[in-house]
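Text of work05.txt (compact mmCIF, C-alpha atoms and all ligand atoms) as supplied:
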# COMPACT_ATOMS: atom_id res chain seq x y z
CA MET B 83 153.95 54.80 35.87
CA SER B 84 153.58 58.49 35.13
CA GLU B 85 155.18 61.21 37.20
CA THR B 86 151.75 62.67 37.88
CA SER B 87 150.79 59.59 39.93
CA LEU B 88 153.81 60.29 42.15
CA GLN B 89 152.65 62.85 44.66
CA LEU B 90 154.88 64.28 47.37
CA ASP B 91 153.25 64.09 50.82
CA ALA B 92 154.61 67.47 51.95
CA GLN B 93 152.72 67.42 55.24
CA THR B 94 154.33 64.23 56.48
CA LEU B 95 157.78 65.46 55.41
CA LEU B 96 157.37 68.70 57.38
CA GLU B 97 155.97 66.82 60.38
CA GLN B 98 158.87 64.37 60.43
CA ILE B 99 161.40 67.23 60.23
CA GLU B 100 159.71 68.72 63.29
CA ILE B 101 159.54 65.43 65.22
CA LEU B 102 163.18 64.57 64.53
CA GLY B 103 164.15 68.17 65.30
CA ALA B 104 162.59 67.84 68.75
CA ILE B 105 164.96 65.01 69.68
CA GLY B 106 167.85 66.49 71.69
CA PHE B 107 166.19 69.92 71.77
CA ASP B 108 167.60 72.34 74.38
CA VAL B 109 164.77 74.50 75.75
CA ASP B 110 167.16 76.88 77.52
CA PHE B 111 169.66 77.60 74.79
CA GLY B 112 167.59 76.60 71.76
CA GLY B 113 168.57 74.25 68.99
CA ARG B 114 169.06 70.51 69.26
CA THR B 115 172.19 68.52 69.98
CA ARG B 116 172.51 65.01 68.57
CA ILE B 117 176.26 64.56 68.47
CA ALA B 118 177.27 61.24 66.88
CA LEU B 119 176.72 58.10 68.97
CA THR B 120 175.30 59.94 72.00
CA ASP B 121 172.03 58.84 73.62
CA ASP B 122 170.12 61.60 71.86
CA GLU B 123 171.53 60.60 68.50
CA LYS B 124 170.51 57.02 69.25
CA ARG B 125 166.98 58.27 69.87
CA GLY B 126 167.09 59.99 66.49
CA ARG B 127 168.34 56.79 64.84
CA ASP B 128 165.60 54.73 66.51
CA GLN B 129 162.96 57.17 65.23
CA LEU B 130 164.34 57.01 61.69
CA VAL B 131 164.35 53.20 61.74
CA ARG B 132 160.74 53.21 62.93
CA TRP B 133 159.78 55.46 60.00
CA MET B 134 161.70 53.20 57.60
CA ASN B 135 159.81 50.18 58.97
CA ASP B 136 156.51 52.05 58.59
CA LEU B 137 157.35 52.31 54.88
CA ASP B 138 158.15 48.57 54.70
CA LEU B 139 161.75 49.28 53.83
CA ASP B 140 164.34 46.55 54.25
CA VAL B 141 166.47 48.16 57.00
CA ARG B 142 170.16 47.27 57.11
CA ILE B 143 172.91 48.63 59.41
CA ASP B 144 176.58 48.35 58.46
CA GLY B 145 179.69 48.00 60.61
CA ILE B 146 180.16 51.77 61.08
CA GLY B 147 176.48 52.26 61.94
CA ASN B 148 175.31 53.63 58.58
CA ILE B 149 171.56 53.04 58.28
CA PHE B 150 170.10 51.93 54.92
CA GLY B 151 166.39 51.62 54.12
CA ILE B 152 165.96 49.61 50.90
CA MET B 153 162.85 49.79 48.72
CA HIS B 154 163.17 46.69 46.57
CA SER B 155 162.05 46.71 42.94
CA GLU B 156 161.17 44.21 40.22
CA ASN B 157 164.91 43.69 39.93
CA PRO B 158 166.08 41.57 42.93
CA GLU B 159 169.71 42.72 42.45
CA ILE B 160 170.42 45.76 44.66
CA ASN B 161 174.17 46.08 44.18
CA HIS B 162 175.18 48.62 41.50
CA THR B 163 171.55 48.98 40.47
CA SER B 164 170.13 51.06 43.30
CA LEU B 165 169.50 54.79 43.33
CA MET B 166 170.67 56.02 46.73
CA ILE B 167 169.34 59.13 48.45
CA GLY B 168 171.29 60.02 51.57
CA SER B 169 172.59 62.46 54.14
CA HIS B 170 172.99 62.39 57.95
CA ILE B 171 170.98 62.89 61.16
CA ASP B 172 173.82 63.59 63.59
CA SER B 173 174.30 67.26 64.47
CA VAL B 174 176.69 69.81 65.93
CA ARG B 175 175.82 71.35 69.32
CA HIS B 176 172.72 73.60 69.37
CA ALA B 177 172.06 72.86 65.71
CA GLY B 178 169.18 73.64 63.42
CA ALA B 179 166.62 70.97 62.53
CA LEU B 180 167.45 70.75 58.81
CA ASP B 181 171.18 70.10 58.35
CA GLY B 182 171.32 66.50 57.09
CA CYS B 183 167.89 65.50 58.42
CA TYR B 184 166.09 67.26 55.58
CA GLY B 185 167.86 65.12 52.98
CA VAL B 186 167.24 61.82 54.76
CA LEU B 187 163.56 62.56 55.42
CA ALA B 188 163.08 63.80 51.84
CA GLY B 189 164.41 60.38 50.79
CA LEU B 190 161.64 58.78 52.85
CA ALA B 191 159.18 61.16 51.17
CA VAL B 192 160.29 59.86 47.76
CA VAL B 193 159.70 56.27 48.87
CA ARG B 194 156.34 57.30 50.36
CA ALA B 195 155.28 58.73 46.98
CA TYR B 196 155.98 55.39 45.30
CA ARG B 197 154.21 53.47 48.08
CA ARG B 198 151.15 55.77 47.89
CA ALA B 199 151.02 55.35 44.09
CA GLY B 200 151.14 51.60 44.62
CA ALA B 201 154.16 51.61 42.32
CA LYS B 202 157.32 49.56 42.41
CA PRO B 203 160.34 51.49 41.12
CA ARG B 204 162.16 49.92 38.16
CA ARG B 205 165.31 49.85 40.25
CA PRO B 206 165.73 49.70 44.04
CA ILE B 207 165.77 52.97 45.95
CA ILE B 208 167.96 53.14 49.07
CA VAL B 209 167.57 55.86 51.70
CA ALA B 210 170.81 56.25 53.69
CA ALA B 211 171.72 58.01 56.95
CA PHE B 212 175.50 58.07 57.34
CA THR B 213 177.26 57.96 60.69
CA ASN B 214 179.16 60.91 62.14
CA GLU B 215 178.93 63.35 59.25
CA GLU B 216 179.72 66.30 61.50
CA GLY B 217 182.95 64.91 62.93
CA VAL B 218 182.75 67.12 66.03
CA ARG B 219 183.27 64.26 68.53
CA TYR B 220 185.26 61.82 66.39
CA GLN B 221 187.33 62.92 63.41
CA PRO B 222 187.26 62.87 60.45
CA ASP B 223 183.91 64.31 59.52
CA MET B 224 181.84 62.50 56.89
CA MET B 225 183.28 59.40 58.59
CA GLY B 226 180.47 56.92 57.91
CA SER B 227 180.29 57.72 54.20
CA LEU B 228 184.11 57.73 53.97
CA VAL B 229 184.28 54.21 55.44
CA TYR B 230 181.38 53.13 53.17
CA ALA B 231 183.26 54.52 50.15
CA GLY B 232 186.43 52.68 51.13
CA GLY B 233 188.37 55.82 52.07
CA LEU B 234 188.95 54.80 55.69
CA ALA B 235 189.38 51.28 57.09
CA LEU B 236 186.53 50.17 59.35
CA ASP B 237 188.87 49.09 62.15
CA GLU B 238 190.65 52.44 62.06
CA ALA B 239 187.33 54.24 62.33
CA LEU B 240 186.12 52.01 65.16
CA ASP B 241 189.35 52.79 67.06
CA ALA B 242 188.92 56.54 66.69
CA ILE B 243 189.18 58.26 70.09
CA GLY B 244 186.74 61.10 70.61
CA THR B 245 187.30 64.55 72.06
CA ASP B 246 185.72 63.05 75.20
CA GLY B 247 188.20 60.15 75.32
CA THR B 248 185.68 57.50 74.29
CA ARG B 249 186.41 54.90 71.58
CA LEU B 250 184.02 55.14 68.64
CA GLY B 251 183.52 51.36 68.35
CA ASP B 252 182.56 51.09 72.04
CA GLU B 253 179.98 53.87 71.70
CA LEU B 254 178.58 52.35 68.51
CA SER B 255 178.05 49.03 70.33
CA ARG B 256 176.66 50.81 73.39
CA ILE B 257 173.90 52.48 71.36
CA GLY B 258 173.17 49.23 69.52
CA TYR B 259 174.15 50.31 65.99
CA ALA B 260 177.21 48.18 65.32
CA GLY B 261 175.66 46.51 62.30
CA ASP B 262 176.64 43.26 60.62
CA MET B 263 176.56 44.54 57.03
CA ARG B 264 180.02 45.10 55.57
CA PRO B 265 180.45 48.80 54.67
CA GLY B 266 180.28 49.03 50.88
CA GLU B 267 178.63 45.59 50.52
CA VAL B 268 175.88 47.28 48.51
CA LEU B 269 177.02 50.13 46.25
CA PRO B 270 174.61 52.42 44.39
CA ARG B 271 174.47 53.15 40.70
CA GLU B 272 174.03 56.83 41.54
CA TYR B 273 173.67 59.01 44.62
CA LEU B 274 171.60 62.14 45.29
CA GLU B 275 171.71 64.39 48.34
CA LEU B 276 169.21 67.15 49.04
CA HIS B 277 170.56 69.65 51.57
CA ILE B 278 170.09 73.21 52.78
CA GLU B 279 172.78 75.49 51.35
CA GLN B 280 173.92 76.62 54.82
CA GLY B 281 175.24 79.75 53.14
CA PRO B 282 173.80 83.10 51.92
CA ILE B 283 174.12 82.82 48.15
CA LEU B 284 170.79 81.36 46.91
CA GLU B 285 168.82 83.77 49.08
CA ALA B 286 170.99 86.78 48.16
CA GLU B 287 170.82 85.99 44.44
CA GLY B 288 167.12 85.11 44.58
CA TYR B 289 167.25 81.54 43.28
CA GLU B 290 165.04 78.67 44.44
CA ILE B 291 167.26 75.65 43.70
CA GLY B 292 171.05 75.29 43.83
CA VAL B 293 172.60 72.79 41.41
CA VAL B 294 175.86 71.98 43.17
CA ASP B 295 178.77 71.88 40.74
CA ASN B 296 181.51 71.16 43.23
CA LEU B 297 182.51 71.11 46.87
CA GLN B 298 185.55 72.81 48.34
CA GLY B 299 188.59 71.11 49.83
CA ILE B 300 188.80 70.78 53.64
CA SER B 301 191.88 70.75 55.88
CA TRP B 302 191.50 70.27 59.67
CA GLN B 303 194.45 70.42 62.08
CA LYS B 304 194.81 70.35 65.86
CA ILE B 305 197.68 72.60 66.97
CA THR B 306 199.34 72.27 70.38
CA VAL B 307 201.63 75.02 71.71
CA GLN B 308 203.87 74.22 74.69
CA GLY B 309 205.16 77.34 76.48
CA THR B 310 206.04 78.14 80.11
CA ALA B 311 203.59 79.00 82.86
CA ASN B 312 204.62 82.07 84.79
CA HIS B 313 203.31 84.93 86.89
CA ALA B 314 201.23 87.43 84.89
CA GLY B 315 202.45 90.29 87.09
CA THR B 316 206.15 89.65 87.49
CA THR B 317 207.26 88.26 84.11
CA PRO B 318 208.50 90.89 81.61
CA ILE B 319 207.13 90.40 78.08
CA ARG B 320 210.63 89.72 76.64
CA LEU B 321 211.06 86.77 79.06
CA ARG B 322 207.74 85.10 78.30
CA HIS B 323 207.07 81.83 76.45
CA ASP B 324 203.38 82.54 76.28
CA ALA B 325 201.36 79.74 74.63
CA GLY B 326 198.23 81.88 74.83
CA TYR B 327 199.77 84.77 72.91
CA VAL B 328 201.12 82.38 70.25
CA ALA B 329 197.70 80.79 69.74
CA ALA B 330 196.09 84.20 69.38
CA ALA B 331 198.81 85.31 66.94
CA VAL B 332 198.16 82.23 64.78
CA VAL B 333 194.41 82.92 64.71
CA ALA B 334 195.09 86.54 63.70
CA PHE B 335 197.61 85.41 61.07
CA LEU B 336 195.06 83.03 59.53
CA ARG B 337 192.56 85.86 59.12
CA GLU B 338 194.95 88.62 58.05
CA GLN B 339 197.62 86.78 56.04
CA VAL B 340 195.74 83.73 54.75
CA ALA B 341 192.01 84.39 54.33
CA ASN B 342 192.19 88.12 53.63
CA THR B 343 194.94 87.72 51.03
CA SER B 344 193.11 84.99 49.08
CA ASN B 345 190.50 87.33 47.49
CA GLY B 346 187.86 85.58 49.53
CA THR B 347 188.22 81.98 48.36
CA THR B 348 190.24 80.62 51.31
CA LEU B 349 188.33 80.33 54.57
CA ALA B 350 190.11 79.91 57.90
CA THR B 351 188.36 79.13 61.20
CA THR B 352 189.50 78.37 64.73
CA GLY B 353 186.40 76.84 66.28
CA SER B 354 187.91 75.38 69.42
CA ILE B 355 190.65 76.70 71.74
CA ARG B 356 191.80 75.64 75.22
CA PHE B 357 194.50 77.03 77.55
CA GLU B 358 196.25 75.42 80.50
CA PRO B 359 196.19 76.15 83.39
CA ASP B 360 193.39 78.49 82.17
CA LEU B 361 193.74 80.97 85.07
CA ILE B 362 193.50 84.74 84.89
CA ASN B 363 196.90 85.50 86.41
CA VAL B 364 199.01 82.68 84.90
CA ILE B 365 200.73 82.91 81.52
CA PRO B 366 199.44 79.80 79.66
CA ARG B 367 201.93 76.99 79.48
CA LYS B 368 199.81 75.20 76.89
CA ALA B 369 197.33 76.08 74.16
CA GLU B 370 195.38 73.57 72.08
CA PHE B 371 193.30 74.82 69.17
CA THR B 372 191.84 73.68 65.86
CA VAL B 373 192.31 75.13 62.38
CA ASP B 374 189.72 74.55 59.63
CA LEU B 375 190.98 75.70 56.19
CA ARG B 376 188.84 75.45 53.04
CA ASP B 377 189.20 76.45 49.39
CA PRO B 378 187.56 75.18 46.17
CA ASP B 379 191.03 75.22 44.54
CA GLU B 380 193.43 72.50 45.70
CA GLN B 381 196.55 74.54 44.89
CA LYS B 382 195.29 77.47 46.96
CA LEU B 383 194.43 75.15 49.86
CA LEU B 384 197.95 73.70 49.71
CA ALA B 385 199.38 77.23 49.64
CA ALA B 386 197.34 78.19 52.72
CA GLU B 387 198.57 75.10 54.61
CA LYS B 388 202.17 75.94 53.62
CA LYS B 389 201.80 79.56 54.76
CA LEU B 390 200.46 78.40 58.13
CA ALA B 391 203.32 75.90 58.55
CA GLY B 392 205.85 78.66 57.81
CA PHE B 393 204.29 80.97 60.37
CA LEU B 394 204.23 78.24 63.03
CA ALA B 395 207.94 77.60 62.47
CA SER B 396 208.88 81.28 62.74
CA ILE B 397 206.74 82.13 65.76
CA SER B 398 207.88 79.06 67.71
CA GLU B 399 211.48 80.24 67.18
CA ARG B 400 210.65 83.84 68.10
CA GLU B 401 208.62 83.01 71.22
CA GLY B 402 210.66 80.01 72.39
CA VAL B 403 207.72 77.62 72.40
CA LYS B 404 207.24 74.11 70.97
CA ILE B 405 204.47 73.74 68.39
CA GLU B 406 203.00 70.46 67.13
CA SER B 407 200.33 70.08 64.48
CA GLU B 408 198.18 66.96 64.14
CA ARG B 409 196.31 66.51 60.82
CA LEU B 410 192.70 65.54 61.54
CA VAL B 411 191.10 65.79 58.09
CA ARG B 412 192.25 66.45 54.53
CA PHE B 413 189.79 66.17 51.65
CA GLU B 414 190.49 67.52 48.18
CA PRO B 415 187.81 69.52 46.32
CA VAL B 416 185.20 67.36 44.55
CA GLU B 417 183.39 67.89 41.23
CA PHE B 418 179.86 66.37 41.03
CA ASP B 419 178.50 64.29 38.14
CA LEU B 420 177.58 66.45 35.12
CA ASP B 421 174.75 64.22 33.89
CA LEU B 422 173.07 64.26 37.29
CA ARG B 423 173.55 68.01 37.59
CA ASN B 424 171.82 68.43 34.23
CA GLU B 425 168.97 66.17 35.41
CA ILE B 426 168.53 68.35 38.52
CA GLU B 427 168.46 71.47 36.36
CA ALA B 428 165.95 69.90 33.94
CA SER B 429 163.66 68.80 36.78
CA SER B 430 163.80 72.23 38.40
CA LYS B 431 162.89 73.89 35.10
CA ARG B 432 160.06 71.35 34.51
CA LEU B 433 158.69 72.33 37.90
CA GLY B 434 159.14 76.03 37.22
CA PHE B 435 161.83 76.67 39.82
CA SER B 436 164.75 79.03 39.17
CA THR B 437 168.20 77.47 39.49
CA MET B 438 171.80 78.55 39.82
CA ARG B 439 175.02 76.57 39.74
CA ILE B 440 176.80 76.79 43.07
CA THR B 441 179.85 75.55 45.00
CA SER B 442 179.26 73.89 48.35
CA GLY B 443 181.12 75.56 51.20
CA ALA B 444 180.19 72.79 53.61
CA GLY B 445 181.40 69.21 53.51
CA HIS B 446 178.79 66.57 52.74
CA ASP B 447 178.49 62.79 52.50
CA ALA B 448 178.04 63.25 48.74
CA GLN B 449 181.72 64.18 48.44
CA MET B 450 182.62 60.71 49.76
CA ILE B 451 180.06 58.77 47.72
CA ALA B 452 181.37 60.60 44.63
CA ARG B 453 184.43 58.36 45.00
CA ILE B 454 182.39 55.25 44.17
CA ALA B 455 179.35 56.40 42.17
CA PRO B 456 178.07 59.36 40.13
CA SER B 457 176.82 61.80 42.77
CA ALA B 458 175.12 65.17 42.89
CA MET B 459 173.49 67.56 45.32
CA ILE B 460 170.41 69.77 45.33
CA PHE B 461 170.42 72.88 47.54
CA VAL B 462 167.58 74.99 48.87
CA PRO B 463 168.13 78.45 50.40
CA SER B 464 169.08 79.08 54.04
CA ARG B 465 167.61 82.22 55.60
CA GLY B 466 170.45 84.69 56.17
CA GLY B 467 172.88 81.92 55.25
CA VAL B 468 172.75 80.77 58.88
CA SER B 469 173.51 77.15 59.86
CA HIS B 470 175.16 75.19 62.68
CA ASN B 471 173.01 77.53 64.75
CA PRO B 472 169.50 77.29 66.31
CA ARG B 473 168.42 80.09 63.94
CA GLU B 474 168.94 77.85 60.89
CA HIS B 475 165.76 78.20 58.78
CA THR B 476 164.34 77.43 55.36
CA ASP B 477 160.71 78.25 54.51
CA ASP B 478 158.32 75.29 54.21
CA VAL B 479 157.58 76.17 50.60
CA GLN B 480 161.30 76.04 49.81
CA LEU B 481 161.69 72.69 51.60
CA ILE B 482 158.80 71.31 49.57
CA GLN B 483 160.26 72.66 46.31
CA GLY B 484 163.55 70.88 46.99
CA ALA B 485 161.78 67.61 47.76
CA GLN B 486 159.67 67.93 44.60
CA VAL B 487 162.83 68.35 42.53
CA LEU B 488 164.35 65.30 44.23
CA LEU B 489 161.23 63.21 43.48
CA ASP B 490 161.16 64.37 39.87
CA VAL B 491 164.86 63.59 39.34
CA VAL B 492 164.44 60.14 40.90
CA HIS B 493 161.43 59.42 38.68
CA HIS B 494 163.28 60.44 35.52
CA LEU B 495 166.40 58.50 36.43
CA LEU B 496 164.37 55.36 37.15
CA VAL B 497 162.23 55.69 34.04
CA ARG B 498 165.26 56.06 31.77
CA THR B 499 166.90 53.32 33.85
O1 LIG T 501 182.32 70.60 58.35
C1 LIG T 501 181.43 70.51 57.48
O2 LIG T 501 181.46 71.22 56.50
C2 LIG T 501 180.32 69.53 57.63
O3 LIG T 501 179.24 70.18 58.27
N1 LIG T 501 180.71 68.37 58.38
MN MN T 502 175.11 68.45 56.66
MN MN T 503 176.68 70.28 59.35
Let me see whether you can do it: turn the structure in this file into structure tokens.
Amino acid sequence: MSETSLQLDAQTLLEQIEILGAIGFDVDFGGRTRIALTDDEKRGRDQLVRWMNDLDLDVRIDGIGNIFGIMHSENPEINHTSLMIGSHIDSVRHAGALDGCYGVLAGLAVVRAYRRAGAKPRRPIIVAAFTNEEGVRYQPDMMGSLVYAGGLALDEALDAIGTDGTRLGDELSRIGYAGDMRPGEVLPREYLELHIEQGPILEAEGYEIGVVDNLQGISWQKITVQGTANHAGTTPIRLRHDAGYVAAAVVAFLREQVANTSNGTTLATTGSIRFEPDLINVIPRKAEFTVDLRDPDEQKLLAAEKKLAGFLASISEREGVKIESERLVRFEPVEFDLDLRNEIEASSKRLGFSTMRITSGAGHDAQMIARIAPSAMIFVPSRGGVSHNPREHTDDVQLIQGAQVLLDVVHHLLVRT
């Protein structure tokens, strides 16, 4: 079958992005919220399964709720022969419509091209939507692909307690996605993930396609500071054990002494912070906050973690507070498969699209699948580099270009088989 008979149905891809993007949409604030295993995410899952059934895919759900749509081929064996195209459809709060969803729906578009050409691929194609990629309710992030890749035991994942106190396994059963397939029962021969860059580089440098060389390391901690509540008006500064001040000092330290001194490679973020008793005239007795550290270089990420630990020890001494740190996530940097990267570059050039090699700042399911199969990612530009935000945007023409590259790479991988 020639590549010319494989035509991307761009219209349906764009329509499905819009339909899925409407699920969990917040008319007041903007953006959609489909946090893992919530009712809205279930609605998104149900819609995806309907679309997989429309394409006559063999739909399987595994024990952590990963959804697989299998397009069988002449070869009845699907284990270690399949080409997997995946990403996620869960979101952060008030998210854009593209993060994750674009890659899953582009996978359906690839299958649709084969169906429309009346062609059976030489090897099975599997479209995957992994559970809880964002990790904002249950940690770690990329959880479904991590369990699938054997990096986290299923039982441990099912017992994860969310930021809302719920148990992951109970929620998975409640929404009806506790599947019977054993995670990892079917492993791919290779894995591709098409994703928006979520950063500013492709747009700023003027390139159409990002060939992702590697993905930076990620370190997530939850830090709890125990101080002493006291009166804001009567307690002299020198007598305070102020958990609020300590938390703020740590956040400032991370920016000034960790990120700013790393010549821009180490990123430090405190995305969530909570005080108790959280009252205007009471010195906080307790502060709970998160730290997200990232760097493409493992040694520099270790150095950043060490610097933070040293500062926590010294400030707890100085301010007479107790500080505990709980590790939530720790993933080392990942290098993607060179052969697949070259295929992505060759397809982009065949299609006349400019490419640049790029590092992924965000975590992705591909970094987990890279543990068990050759994996690679294709990026398209994000307007203004904005993501995890209702303003996330990529032009239709750019979305279509990315999907065309994906289809071309799949065709060439299956033809060379
Ligand atoms: O945190 C990340 O980079 C991903 O969006 N889960
Ligand atoms: Mn994503
Ligand atoms: Mn994301």
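Take the candidates B:Ile208, B:Ala311, B:Val141, B:Ile319 and check each one against B:Pro359 using all atoms listed in the file; the shortest distance goes to B:Ala311.
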Point to revise | Given only C-alpha atoms and all ligand atoms as the counted atoms, nearest of B:Leu119, B:Val192, B:Leu180, B:Ala325 to ligand MN 503 (chain T) | key: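 Answer, going by the shortest atom-to-atom distance: B:Leu180.
Residue nearest B:Asp122, chosen from B:Leu96, B:Ile171, B:Ala452, B:Leu349 and counting all atoms listed in the file: B:Ile171.
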Review point. Counting only C-alpha atoms and all ligand atoms, what residues are within 6 Å of ligand LIG 501 (chain T), given as JSON, numbers by chain?
Key: {"B": [215, 216, 223, 444, 445, 446]}
Practice item. Between atom CA of B:Glu425 and atom CA of B:Ala286, measure the distance and give it in Å to one decimal. Key: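 Going from atom CA of B:Glu425 over to atom CA of B:Ala286 covers 24.3 Å.
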Point to revise | ligand MN 503 (chain T) neighbours within 12 Å using all atoms listed in the file, as an MDAnalysis selection string | key: chainID B and resid 115:118 169:184 214:218 223:224 277:281 442:447 468:471 474
Using the selection just defined, write its residues with C-alpha atoms as a PDB file, in the coordinates of the input.
ATOM      1  CA  THR B 115     172.190  68.520  69.980  1.00  0.00           C
ATOM      2  CA  ARG B 116     172.510  65.010  68.570  1.00  0.00           C
ATOM      3  CA  ILE B 117     176.260  64.560  68.470  1.00  0.00           C
ATOM      4  CA  ALA B 118     177.270  61.240  66.880  1.00  0.00           C
ATOM      5  CA  SER B 169     172.590  62.460  54.140  1.00  0.00           C
ATOM      6  CA  HIS B 170     172.990  62.390  57.950  1.00  0.00           C
ATOM      7  CA  ILE B 171     170.980  62.890  61.160  1.00  0.00           C
ATOM      8  CA  ASP B 172     173.820  63.590  63.590  1.00  0.00           C
ATOM      9  CA  SER B 173     174.300  67.260  64.470  1.00  0.00           C
ATOM     10  CA  VAL B 174     176.690  69.810  65.930  1.00  0.00           C
ATOM     11  CA  ARG B 175     175.820  71.350  69.320  1.00  0.00           C
ATOM     12  CA  HIS B 176     172.720  73.600  69.370  1.00  0.00           C
ATOM     13  CA  ALA B 177     172.060  72.860  65.710  1.00  0.00           C
ATOM     14  CA  GLY B 178     169.180  73.640  63.420  1.00  0.00           C
ATOM     15  CA  ALA B 179     166.620  70.970  62.530  1.00  0.00           C
ATOM     16  CA  LEU B 180     167.450  70.750  58.810  1.00  0.00           C
ATOM     17  CA  ASP B 181     171.180  70.100  58.350  1.00  0.00           C
ATOM     18  CA  GLY B 182     171.320  66.500  57.090  1.00  0.00           C
ATOM     19  CA  CYS B 183     167.890  65.500  58.420  1.00  0.00           C
ATOM     20  CA  TYR B 184     166.090  67.260  55.580  1.00  0.00           C
ATOM     21  CA  ASN B 214     179.160  60.910  62.140  1.00  0.00           C
ATOM     22  CA  GLU B 215     178.930  63.350  59.250  1.00  0.00           C
ATOM     23  CA  GLU B 216     179.720  66.300  61.500  1.00  0.00           C
ATOM     24  CA  GLY B 217     182.950  64.910  62.930  1.00  0.00           C
ATOM     25  CA  VAL B 218     182.750  67.120  66.030  1.00  0.00           C
ATOM     26  CA  ASP B 223     183.910  64.310  59.520  1.00  0.00           C
ATOM     27  CA  MET B 224     181.840  62.500  56.890  1.00  0.00           C
ATOM     28  CA  HIS B 277     170.560  69.650  51.570  1.00  0.00           C
ATOM     29  CA  ILE B 278     170.090  73.210  52.780  1.00  0.00           C
ATOM     30  CA  GLU B 279     172.780  75.490  51.350  1.00  0.00           C
ATOM     31  CA  GLN B 280     173.920  76.620  54.820  1.00  0.00           C
ATOM     32  CA  GLY B 281     175.240  79.750  53.140  1.00  0.00           C
ATOM     33  CA  SER B 442     179.260  73.890  48.350  1.00  0.00           C
ATOM     34  CA  GLY B 443     181.120  75.560  51.200  1.00  0.00           C
ATOM     35  CA  ALA B 444     180.190  72.790  53.610  1.00  0.00           C
ATOM     36  CA  GLY B 445     181.400  69.210  53.510  1.00  0.00           C
ATOM     37  CA  HIS B 446     178.790  66.570  52.740  1.00  0.00           C
ATOM     38  CA  ASP B 447     178.490  62.790  52.500  1.00  0.00           C
ATOM     39  CA  VAL B 468     172.750  80.770  58.880  1.00  0.00           C
ATOM     40  CA  SER B 469     173.510  77.150  59.860  1.00  0.00           C
ATOM     41  CA  HIS B 470     175.160  75.190  62.680  1.00  0.00           C
ATOM     42  CA  ASN B 471     173.010  77.530  64.750  1.00  0.00           C
ATOM     43  CA  GLU B 474     168.940  77.850  60.890  1.00  0.00           C
TER      44      GLU B 474
END
Exercise for review: Rank nothing, just name the residue among B:Ala485, B:Val332, B:Met166, B:Met459 nearest to ligand MN 502 (chain T), using all atoms listed in the file.
Suggested key: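 For ligand MN 502 (chain T), the nearest of the given residues is B:Met459.
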Point to revise | Spatial neighbours of B:Asp121, max dist 10 Å, only C-alpha atoms, sep filter under 4 positions, as a VMD selection string | key: chain B and resid 106 116 to 117 125 to 127 253 256 to 257
Exercise for review: Compare B:Gln381, B:Asp237, B:His162, B:Glu97 by their minimum atom-to-atom distance to B:Ala188, counting only C-alpha atoms, and give me the closest one.
Suggested key: B:Glu97
**Study point:** For B:Met134: contacts at 10 Å, only C-alpha atoms, fewer than 5 positions along chain excluded, given as number ranges by chain
**Key:** B: 128-129, 139-141, 149-153, 187, 190, 193-194, 209
**Study point:** Nearest residue to B:Leu336 from the set B:Leu240, B:Ala369, B:Ile283, B:Leu390 (distances using all atoms listed in the file)
**Key:**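 The shortest atom-to-atom distance to B:Leu336 comes from B:Leu390.
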Practice item. Go ahead and compute the interatomic distance for atom CA of B:Ile146 and atom CA of B:Leu234, in Å to one decimal. Key: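 Rounded to one decimal, the two atoms are 10.7 Å apart.
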If I wrap all listed atoms of stretch 433-436 of chain B in a box with edges along x, y and z and add 4 Å on each side, what are its centre and edge lengths in Å to one decimal, as lines of an AutoDock Vina configuration file?
center_x = 161.7
center_y = 75.7
center_z = 38.5
size_x = 14.1
size_y = 14.7
size_z = 10.6
